[in-house]
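What's in protein02.json: JSON, C-alpha atoms
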```
[["chain", "number", "residue", "atom", "x", "y", "z"],
["A", 1211, "MET", "CA", 12.10, -4.20, -10.00],
["A", 1212, "ASP", "CA", 14.30, -7.23, -10.64],
["A", 1213, "TRP", "CA", 13.93, -8.34, -7.03],
["A", 1214, "GLU", "CA", 10.16, -8.09, -7.41],
["A", 1215, "PHE", "CA", 10.11, -10.43, -10.39],
["A", 1216, "ALA", "CA", 12.46, -12.79, -8.56],
["A", 1217, "PHE", "CA", 10.05, -12.75, -5.59],
["A", 1218, "LEU", "CA", 6.96, -13.33, -7.78],
["A", 1219, "ASP", "CA", 8.71, -16.09, -9.71],
["A", 1220, "SER", "CA", 9.81, -17.80, -6.50],
["A", 1221, "ILE", "CA", 6.20, -17.79, -5.25],
["A", 1222, "ARG", "CA", 5.04, -19.27, -8.53],
["A", 1223, "ASP", "CA", 7.87, -21.84, -8.68],
["A", 1224, "ASN", "CA", 7.62, -22.98, -5.07],
["A", 1225, "PHE", "CA", 3.92, -22.76, -4.21],
["A", 1226, "SER", "CA", 1.95, -23.18, -7.42],
["A", 1227, "ASN", "CA", -0.60, -25.98, -7.10],
["A", 1228, "PRO", "CA", -4.32, -26.48, -7.82],
["A", 1229, "VAL", "CA", -5.39, -25.88, -4.21],
["A", 1230, "PHE", "CA", -3.55, -22.55, -3.92],
["A", 1231, "ASP", "CA", -4.84, -21.64, -7.39],
["A", 1232, "GLU", "CA", -8.43, -21.95, -6.19],
["A", 1233, "ILE", "CA", -7.80, -20.21, -2.87],
["A", 1234, "SER", "CA", -6.11, -17.31, -4.66],
["A", 1235, "LYS", "CA", -8.90, -17.04, -7.23],
["A", 1236, "PHE", "CA", -11.43, -16.93, -4.39],
["A", 1237, "PHE", "CA", -9.60, -14.06, -2.69],
["A", 1238, "GLY", "CA", -9.23, -12.33, -6.05],
["A", 1239, "ASP", "CA", -13.02, -12.14, -6.29],
["A", 1240, "ALA", "CA", -13.61, -11.09, -2.67],
["A", 1241, "VAL", "CA", -13.76, -7.29, -3.13],
["A", 1242, "ILE", "CA", -17.50, -7.27, -3.79],
["A", 1243, "PRO", "CA", -18.22, -9.23, -0.57],
["A", 1244, "ILE", "CA", -16.19, -6.61, 1.34],
["A", 1245, "ILE", "CA", -18.44, -3.87, -0.01],
["A", 1246, "ILE", "CA", -21.53, -5.95, 0.82],
["A", 1247, "VAL", "CA", -20.28, -6.39, 4.41],
["A", 1248, "ALA", "CA", -19.91, -2.61, 4.67],
["A", 1249, "MET", "CA", -23.46, -2.07, 3.46],
["A", 1250, "ILE", "CA", -24.84, -4.69, 5.85],
["A", 1251, "LEU", "CA", -23.00, -3.07, 8.77],
["A", 1252, "LEU", "CA", -24.18, 0.35, 7.66],
["A", 1253, "ILE", "CA", -27.82, -0.33, 6.92],
["A", 1254, "ILE", "CA", -29.14, -3.37, 8.74],
["A", 1255, "PHE", "CA", -27.65, -3.53, 12.22],
["A", 1256, "LYS", "CA", -27.96, -0.47, 14.45],
["A", 1257, "LYS", "CA", -25.25, -1.80, 16.78],
["A", 1258, "THR", "CA", -22.67, -1.83, 13.96],
["A", 1259, "ARG", "CA", -23.91, 1.22, 12.03],
["A", 1260, "ARG", "CA", -21.03, 3.42, 13.20],
["A", 1261, "THR", "CA", -18.54, 0.80, 12.04],
["A", 1262, "GLY", "CA", -20.32, 0.69, 8.69],
["A", 1263, "ILE", "CA", -20.14, 4.47, 8.39],
["A", 1264, "ALA", "CA", -16.41, 4.42, 9.21],
["A", 1265, "LEU", "CA", -15.92, 1.68, 6.64],
["A", 1266, "LEU", "CA", -17.86, 3.63, 4.04],
["A", 1267, "ILE", "CA", -15.80, 6.78, 4.69],
["A", 1268, "SER", "CA", -12.57, 4.77, 4.46],
["A", 1269, "THR", "CA", -13.60, 2.91, 1.33],
["A", 1270, "VAL", "CA", -14.73, 6.00, -0.55],
["A", 1271, "SER", "CA", -11.51, 7.80, 0.44],
["A", 1272, "VAL", "CA", -9.24, 4.96, -0.63],
["A", 1273, "VAL", "CA", -11.09, 4.56, -3.96],
["A", 1274, "ILE", "CA", -10.72, 8.27, -4.74],
["A", 1275, "ILE", "CA", -7.07, 8.47, -3.79],
["A", 1276, "GLY", "CA", -6.00, 4.96, -4.81],
["A", 1277, "ASN", "CA", -8.02, 4.20, -7.94],
["A", 1278, "LEU", "CA", -8.83, 7.64, -9.29],
["A", 1279, "ILE", "CA", -5.63, 9.53, -8.45],
["A", 1280, "LEU", "CA", -2.63, 7.24, -7.74],
["A", 1281, "LYS", "CA", -3.20, 4.41, -10.22],
["A", 1282, "PRO", "CA", -3.53, 6.69, -13.28],
["A", 1283, "ALA", "CA", -0.80, 9.07, -12.06],
["A", 1284, "ILE", "CA", 1.76, 6.31, -11.48],
["A", 1285, "ALA", "CA", 0.49, 4.16, -14.38],
["A", 1286, "ARG", "CA", 2.52, 1.10, -13.42],
["A", 1287, "VAL", "CA", 1.93, -1.80, -15.76],
["A", 1288, "ARG", "CA", 1.10, -5.15, -14.28],
["A", 1289, "PRO", "CA", 3.79, -7.81, -13.86],
["A", 1290, "TYR", "CA", 2.16, -10.17, -16.38],
["A", 1291, "ASP", "CA", 2.31, -7.39, -18.99],
["A", 1292, "VAL", "CA", 6.08, -7.17, -18.50],
["A", 1293, "ASN", "CA", 6.78, -10.89, -18.08],
["A", 1294, "THR", "CA", 4.57, -12.19, -20.88],
["A", 1295, "ALA", "CA", 5.84, -15.75, -20.40],
["A", 1296, "VAL", "CA", 3.62, -16.08, -17.33],
["A", 1297, "GLN", "CA", 0.33, -17.84, -17.95],
["A", 1298, "LEU", "CA", -2.42, -16.26, -15.85],
["A", 1299, "ILE", "CA", -5.00, -18.41, -14.09],
["A", 1300, "VAL", "CA", -7.36, -15.41, -13.79],
["A", 1301, "SER", "CA", -8.58, -12.82, -16.25],
["A", 1302, "ALA", "CA", -6.23, -9.96, -16.95],
["A", 1303, "GLU", "CA", -6.95, -6.76, -15.04],
["A", 1304, "HIS", "CA", -7.78, -3.62, -17.03],
["A", 1305, "ASP", "CA", -6.30, -0.95, -14.77],
["A", 1306, "PHE", "CA", -2.84, -0.17, -13.49],
["A", 1307, "SER", "CA", -0.95, -2.10, -10.85],
["A", 1308, "PHE", "CA", 0.10, 0.38, -8.15],
["A", 1309, "PRO", "CA", -1.27, 0.26, -5.45],
["A", 1310, "SER", "CA", -3.16, -3.02, -5.06],
["A", 1311, "ALA", "CA", -6.83, -2.11, -4.69],
["A", 1312, "HIS", "CA", -7.78, -5.57, -3.45],
["A", 1313, "THR", "CA", -5.16, -5.25, -0.73],
["A", 1314, "TYR", "CA", -6.19, -1.80, 0.43],
["A", 1315, "PHE", "CA", -9.87, -2.71, 0.47],
["A", 1316, "ALA", "CA", -9.09, -5.76, 2.59],
["A", 1317, "PHE", "CA", -6.82, -3.89, 5.02],
["A", 1318, "THR", "CA", -9.17, -0.91, 5.23],
["A", 1319, "THR", "CA", -11.99, -3.24, 6.20],
["A", 1320, "ALA", "CA", -9.86, -5.19, 8.67],
["A", 1321, "THR", "CA", -8.57, -2.01, 10.30],
["A", 1322, "VAL", "CA", -11.97, -0.38, 10.73],
["A", 1323, "ILE", "CA", -13.41, -3.57, 12.21],
["A", 1324, "PHE", "CA", -10.35, -4.08, 14.41],
["A", 1325, "MET", "CA", -10.70, -0.56, 15.83],
["A", 1326, "ARG", "CA", -14.09, -1.52, 17.31],
["A", 1327, "TYR", "CA", -14.04, -5.32, 17.57],
["A", 1328, "LYS", "CA", -10.54, -6.65, 18.27],
["A", 1329, "LYS", "CA", -11.20, -10.40, 17.96],
["A", 1330, "VAL", "CA", -13.19, -10.12, 14.73],
["A", 1331, "GLY", "CA", -10.65, -7.61, 13.46],
["A", 1332, "ILE", "CA", -7.81, -10.08, 13.94],
["A", 1333, "CYS", "CA", -9.72, -12.61, 11.82],
["A", 1334, "CYS", "CA", -10.23, -9.88, 9.21],
["A", 1335, "TYR", "CA", -6.50, -9.14, 9.22],
["A", 1336, "ILE", "CA", -5.76, -12.81, 8.54],
["A", 1337, "LEU", "CA", -8.14, -12.67, 5.56],
["A", 1338, "ALA", "CA", -6.54, -9.40, 4.41],
["A", 1339, "ILE", "CA", -3.09, -11.01, 4.51],
["A", 1340, "LEU", "CA", -4.40, -13.92, 2.45],
["A", 1341, "MET", "CA", -5.89, -11.43, -0.01],
["A", 1342, "ALA", "CA", -2.56, -9.61, -0.29],
["A", 1343, "LEU", "CA", -0.62, -12.84, -0.81],
["A", 1344, "SER", "CA", -3.10, -13.99, -3.44],
["A", 1345, "ARG", "CA", -2.42, -10.84, -5.52],
["A", 1346, "MET", "CA", 1.24, -11.82, -5.81],
["A", 1347, "TYR", "CA", 0.52, -15.52, -6.24],
["A", 1348, "LEU", "CA", -1.77, -14.67, -9.17],
["A", 1349, "TYR", "CA", 1.03, -12.52, -10.66],
["A", 1350, "VAL", "CA", -1.27, -9.49, -10.96],
["A", 1351, "HIS", "CA", 0.68, -7.26, -8.51],
["A", 1352, "TYR", "CA", 4.26, -6.59, -7.57],
["A", 1353, "PRO", "CA", 5.26, -6.92, -3.90],
["A", 1354, "THR", "CA", 5.55, -3.12, -3.59],
["A", 1355, "ASP", "CA", 1.98, -2.75, -4.91],
["A", 1356, "VAL", "CA", 0.83, -5.02, -2.09],
["A", 1357, "ILE", "CA", 2.99, -3.29, 0.53],
["A", 1358, "ALA", "CA", 1.60, 0.10, -0.53],
["A", 1359, "GLY", "CA", -1.94, -1.32, -0.54],
["A", 1360, "THR", "CA", -1.42, -2.61, 3.00],
["A", 1361, "ILE", "CA", -0.11, 0.74, 4.26],
["A", 1362, "PHE", "CA", -2.85, 2.72, 2.50],
["A", 1363, "GLY", "CA", -5.52, 0.33, 3.73],
["A", 1364, "ILE", "CA", -4.43, 0.53, 7.35],
["A", 1365, "GLY", "CA", -3.99, 4.30, 7.14],
["A", 1366, "PHE", "CA", -7.36, 4.91, 5.55],
["A", 1367, "GLY", "CA", -9.02, 2.50, 7.96],
["A", 1368, "ILE", "CA", -7.64, 4.43, 10.93],
["A", 1369, "ALA", "CA", -8.58, 7.74, 9.32],
["A", 1370, "GLY", "CA", -12.12, 6.55, 8.57],
["A", 1371, "TYR", "CA", -12.54, 5.37, 12.14],
["A", 1372, "PHE", "CA", -11.47, 8.72, 13.60],
["A", 1373, "ILE", "CA", -13.43, 10.77, 11.06],
["A", 1374, "GLU", "CA", -16.59, 8.83, 11.91],
["A", 1375, "LYS", "CA", -15.86, 9.26, 15.63],
["A", 1376, "ALA", "CA", -15.39, 13.03, 15.20],
["A", 1377, "LEU", "CA", -18.60, 13.32, 13.15],
["A", 1378, "TYR", "CA", -20.52, 11.29, 15.72],
["A", 1379, "ASN", "CA", -19.24, 13.48, 18.57],
["A", 1380, "PHE", "CA", -20.00, 16.66, 16.60],
["A", 1381, "ILE", "CA", -23.57, 15.54, 15.84],
["A", 1382, "SER", "CA", -24.11, 14.30, 19.41],
["A", 1383, "ASN", "CA", -22.91, 17.62, 20.85],
["A", 1384, "ARG", "CA", -25.18, 19.59, 18.51],
["A", 1385, "LYS", "CA", -28.18, 17.44, 19.46],
["A", 1386, "TYR", "CA", -27.31, 17.83, 23.15],
["A", 1387, "LYS", "CA", -27.01, 21.62, 22.84],
["A", 1388, "ALA", "CA", -30.21, 21.88, 20.83],
["A", 1389, "LYS", "CA", -32.09, 19.78, 23.38],
["A", 1390, "HIS", "CA", -30.85, 21.87, 26.32],
["A", 1391, "GLU", "CA", -31.46, 25.16, 24.56],
["A", 1392, "LYS", "CA", -35.03, 24.04, 23.89],
["A", 1393, "ASN", "CA", -35.54, 23.16, 27.56],
["A", 1394, "GLU", "CA", -34.30, 26.55, 28.82]]
```
Mind turning this structure into structure tokens?
Amino acid sequence: MDWEFAFLDSIRDNFSNPVFDEISKFFGDAVIPIIIVAMILLIIFKKTRRTGIALLISTVSVVIIGNLILKPAIARVRPYDVNTAVQLIVSAEHDFSFPSAHTYFAFTTATVIFMRYKKVGICCYILAILMALSRMYLYVHYPTDVIAGTIFGIGFGIAGYFIEKALYNFISNRKYKAKHEKNE
């Protein structure tokens, strides 16, 4: 844990400035837009509906496992609660630290989009990296929280993609069989 505080303090000591403060605050508030993107993909555009469904599956899974199971089970306090000398530039969070939910939401979204749309997915990964870095810059997560959030996000994104694909194939096969049985 000492190395994690050294890492967080070095970020704060070497990079803290008003521009990075604002950028980090922006990314700290970006979880709701991620959910809105998922709903837009899911509901509005038929072409991206499957991506939206995969994103919804991934997001619900990561919330259940990350927020409802892991965070309370591990109950890791946030770095600013341990190092009380740090002055936050954002409001204090009211849940536990491990894993970083912002990070896994961002990487889940980036992964699901990348699985279908490589170029857009790369842009999403860049935004996810910025989100992850902002969590440490803001002193609200330890580096291992962010690493775990990244791994969970990518893993759940891949899982959501393949679950949606399996469901789609299952439903398509059932419709195909039903149609051909009707025609016989």
Exercise for the section: Just the residues within 12 Å of Val1292 of chain A, please, counting all atoms listed in the file, with nothing from its chain fewer than 4 positions along; format it as a list in words. Expected result: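 Listed by chain and then number, they are Met1211, Asp1212, Glu1214, Phe1215, Arg1286, Val1287, Arg1288, Val1296, Ser1307, Tyr1349, Val1350, His1351 and Tyr1352 of chain A.
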Practice task
May I ask for the distance between atom CA of Ala1358 of chain A and atom CA of Tyr1378 of chain A, given in Å to one decimal place?
Solution key: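 Value for the atom CA of Ala1358 of chain A-atom CA of Tyr1378 of chain A distance: 29.6 Å.
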Handout entry: Among listed residues A:Asp1305, A:Asp1219, A:Glu1374, A:Glu1232, nearest Lys1281 of chain A (using all atoms listed in the file)
Key = A:Asp1305
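Neighbouring residues of Pro1282 of chain A at 12 Å or closer, counting all atoms listed in the file and skipping chain neighbours under 6 positions away, are Ile1274, Ile1275, Gly1276, His1304, Asp1305, Phe1306, Ser1307, Phe1308 and Pro1309 of chain A.
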Selection to disk with C-alpha atoms, as a PDB file, keeping the file's coordinate frame:
```pdb
ATOM      1  CA  ILE A1274     -10.720   8.270  -4.740  1.00  0.00           C
ATOM      2  CA  ILE A1275      -7.070   8.470  -3.790  1.00  0.00           C
ATOM      3  CA  GLY A1276      -6.000   4.960  -4.810  1.00  0.00           C
ATOM      4  CA  HIS A1304      -7.780  -3.620 -17.030  1.00  0.00           C
ATOM      5  CA  ASP A1305      -6.300  -0.950 -14.770  1.00  0.00           C
ATOM      6  CA  PHE A1306      -2.840  -0.170 -13.490  1.00  0.00           C
ATOM      7  CA  SER A1307      -0.950  -2.100 -10.850  1.00  0.00           C
ATOM      8  CA  PHE A1308       0.100   0.380  -8.150  1.00  0.00           C
ATOM      9  CA  PRO A1309      -1.270   0.260  -5.450  1.00  0.00           C
TER      10      PRO A1309
END
```
Exercise for the section: Calculate how many Å separate atom CA of Gly1370 of chain A from atom CA of Val1356 of chain A, rounding to one decimal. Expected result: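 Interatomic distance here is 20.4 Å.
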Practice task
Mind giving me the straight-line distance from atom CA of Ala1264 of chain A to atom CA of Ile1332 of chain A in Å, one decimal?
Solution key: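 According to the coordinates, atom CA of Ala1264 of chain A and atom CA of Ile1332 of chain A are separated by 17.5 Å.
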Can you tell me which residues surround Val1322 of chain A at a distance of at most 10 Å, considering all atoms listed in the file, apart from same-chain residues fewer than 6 positions away, and format the answer as a PDB file with C-alpha atoms, in the coordinates of the input?
```pdb
ATOM      1  CA  THR A1261     -18.540   0.800  12.040  1.00  0.00           C
ATOM      2  CA  GLY A1262     -20.320   0.690   8.690  1.00  0.00           C
ATOM      3  CA  ILE A1263     -20.140   4.470   8.390  1.00  0.00           C
ATOM      4  CA  ALA A1264     -16.410   4.420   9.210  1.00  0.00           C
ATOM      5  CA  LEU A1265     -15.920   1.680   6.640  1.00  0.00           C
ATOM      6  CA  LEU A1266     -17.860   3.630   4.040  1.00  0.00           C
ATOM      7  CA  SER A1268     -12.570   4.770   4.460  1.00  0.00           C
ATOM      8  CA  LYS A1328     -10.540  -6.650  18.270  1.00  0.00           C
ATOM      9  CA  GLY A1331     -10.650  -7.610  13.460  1.00  0.00           C
ATOM     10  CA  CYS A1334     -10.230  -9.880   9.210  1.00  0.00           C
ATOM     11  CA  GLY A1363      -5.520   0.330   3.730  1.00  0.00           C
ATOM     12  CA  ILE A1364      -4.430   0.530   7.350  1.00  0.00           C
ATOM     13  CA  GLY A1365      -3.990   4.300   7.140  1.00  0.00           C
ATOM     14  CA  PHE A1366      -7.360   4.910   5.550  1.00  0.00           C
ATOM     15  CA  GLY A1367      -9.020   2.500   7.960  1.00  0.00           C
ATOM     16  CA  ILE A1368      -7.640   4.430  10.930  1.00  0.00           C
ATOM     17  CA  ALA A1369      -8.580   7.740   9.320  1.00  0.00           C
ATOM     18  CA  GLY A1370     -12.120   6.550   8.570  1.00  0.00           C
ATOM     19  CA  TYR A1371     -12.540   5.370  12.140  1.00  0.00           C
ATOM     20  CA  PHE A1372     -11.470   8.720  13.600  1.00  0.00           C
TER      21      PHE A1372
END
```
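Comparing the minimum interatomic distances between Leu1218 of chain A and each of A:Leu1343, A:Ile1284, A:Thr1294, A:Lys1235, counting all atoms listed in the file, we find that A:Leu1343 sits nearest.
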Problem - Pick from A:Tyr1347, A:Phe1362, A:Phe1317, A:Tyr1335, whichever lies nearest to Asp1223 of chain A using only C-alpha atoms - result: A:Tyr1347
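Shortest atom-to-atom contact with Leu1348 of chain A among A:Phe1237, A:Phe1255, A:Phe1380, A:Trp1213: A:Phe1237, counting all atoms listed in the file.
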